[in-house]
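Here's the structure we're looking at; comments come further down.
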Amino acid sequence: MKKNVILIGKMLTRKKKTLSLAESCTGGYISHLITSVPGSSKHFKGGIVAYNNTVKQDLLGVKERTLKNFGAVSAECALEMARGVRKKLKSNYAIAVTGIAGPGGAVKGKPVGTVYIAFASEKEQLVERVQLKGSRDKVIHQTARKALQMLLNEL
């Protein structure tokens, strides 16, 4: 994972582009990985840990109807989080993650390990649903790995 973080940093710096993050189920872990590399301030604007729906709405601009109709763990919410953090922190690219890390929190159609990862740039927006297995820590680590891989693929 560290290699991907270093590679992402080099690519962003070379392109003179910036990144921001909106994290829910990972609780800031992806931001930690990025800032663990010296020089990340050249390309990393920051992150918002939006663990509570109020924060998703107030800071990231997630619509109340999105949360009512689709839930916080949804493609729609993840995309609004990514768009919101990109706009709020004025970055070129954004990644957002929202999901159920467990061991509790499962709902009908969304078992523990359900995660949505969204990417947003000026030109492109995409979201991926992944179903992960394992302990809470494993779900968090796998989510970070998949989010970083998505970002790398888009760069």
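Just remember, in the structure tokens the first chain shown is A, the second B, etc., residues are 1-based per chain, and ligands are 1-based in the order shown.
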Tell me, counting only C-alpha atoms, for each residue of region 124-147 of chain A within 9 Å of region 89-99 of chain A, which pair of atoms is nearest and how far apart they are in Å to one decimal, in rows ordered by chain and increasing number, as JSON lines.
{"residue": "A:Thr143", "atom": "CA", "partner": "A:Val97", "partner_atom": "CA", "distance": 7.7}
{"residue": "A:Ala144", "atom": "CA", "partner": "A:Val97", "partner_atom": "CA", "distance": 8.6}
{"residue": "A:Ala147", "atom": "CA", "partner": "A:Ile95", "partner_atom": "CA", "distance": 7.1}
| request: Would you kindly return, as a PyMOL selection string, each protein, DNA or RNA residue with an atom no farther than 12 Å from any atom of region 123-134 of chain A, considering only C-alpha atoms and excluding same-chain residues fewer than 2 positions away? | output: chain A and resi 73-83+86+92-103+109-121+136-147+149-151+153-155
Who sits within 12 Å of Val37 (chain A), only C-alpha atoms, same chain under 5 positions skipped, as a compact mmCIF listing (two decimals) with N, CA and C atoms, in the first residue's frame:
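Heads up, here's the output in around_11.txt:
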# COMPACT_ATOMS: atom_id res chain seq x y z
N MET A 1 0.83 -1.19 0.00
CA MET A 1 0.00 0.00 0.00
C MET A 1 0.88 1.26 0.00
N LYS A 2 1.99 1.19 0.72
CA LYS A 2 2.89 2.34 0.80
C LYS A 2 3.42 2.74 -0.58
N LYS A 3 3.71 1.73 -1.43
CA LYS A 3 4.19 2.02 -2.78
C LYS A 3 3.16 2.82 -3.57
N ASN A 4 1.89 2.44 -3.44
CA ASN A 4 0.83 3.17 -4.15
C ASN A 4 0.72 4.60 -3.65
N VAL A 5 0.84 4.79 -2.35
CA VAL A 5 0.76 6.14 -1.78
C VAL A 5 1.91 7.00 -2.31
N ILE A 6 3.09 6.44 -2.35
CA ILE A 6 4.26 7.18 -2.87
C ILE A 6 4.06 7.50 -4.36
N LEU A 7 3.60 6.52 -5.11
CA LEU A 7 3.37 6.72 -6.55
C LEU A 7 2.29 7.77 -6.80
N ILE A 8 1.21 7.73 -6.04
CA ILE A 8 0.15 8.73 -6.16
C ILE A 8 0.71 10.12 -5.89
N GLY A 9 1.50 10.25 -4.85
CA GLY A 9 2.10 11.54 -4.50
C GLY A 9 2.98 12.07 -5.61
N LYS A 10 3.80 11.19 -6.19
CA LYS A 10 4.68 11.61 -7.28
C LYS A 10 3.86 12.05 -8.50
N ILE A 30 -7.15 6.72 5.51
CA ILE A 30 -6.54 7.00 4.20
C ILE A 30 -5.73 8.30 4.28
N SER A 31 -6.27 9.29 4.96
CA SER A 31 -5.53 10.55 5.15
C SER A 31 -4.22 10.29 5.88
N HIS A 32 -4.28 9.43 6.88
CA HIS A 32 -3.07 9.06 7.63
C HIS A 32 -2.02 8.44 6.70
N LYS A 42 2.46 18.96 -0.67
CA LYS A 42 2.51 19.51 -2.02
C LYS A 42 1.25 19.17 -2.82
N HIS A 43 0.63 18.04 -2.49
CA HIS A 43 -0.51 17.59 -3.29
C HIS A 43 -1.77 17.26 -2.47
N PHE A 44 -1.65 17.10 -1.17
CA PHE A 44 -2.80 16.72 -0.36
C PHE A 44 -3.37 17.94 0.35
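Straight-line separation from CA of Gly46 (chain A) to CA of Leu21 (chain A): 6.5 Å.
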| message | I'd like the interatomic distance between CA of Asp58 (chain A) and CA of Lys88 (chain A), to a tenth of an Å. | response | 11.1 Å
| said: DSSP on the backbone: which residues in region 42-115 of chain A end up as strand (DSSP E)? Give the answer as a PyMOL selection string. | reply: chain A and resi 44-49+93-99+114-115
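We find CA of Leu33 (chain A) and CA of Ala106 (chain A) to be spaced 26.9 Å apart.
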| field | Secondary structure check, helix (DSSP H, G or I) residues of region 35-125 of chain A, as a count of residues only | value | 34
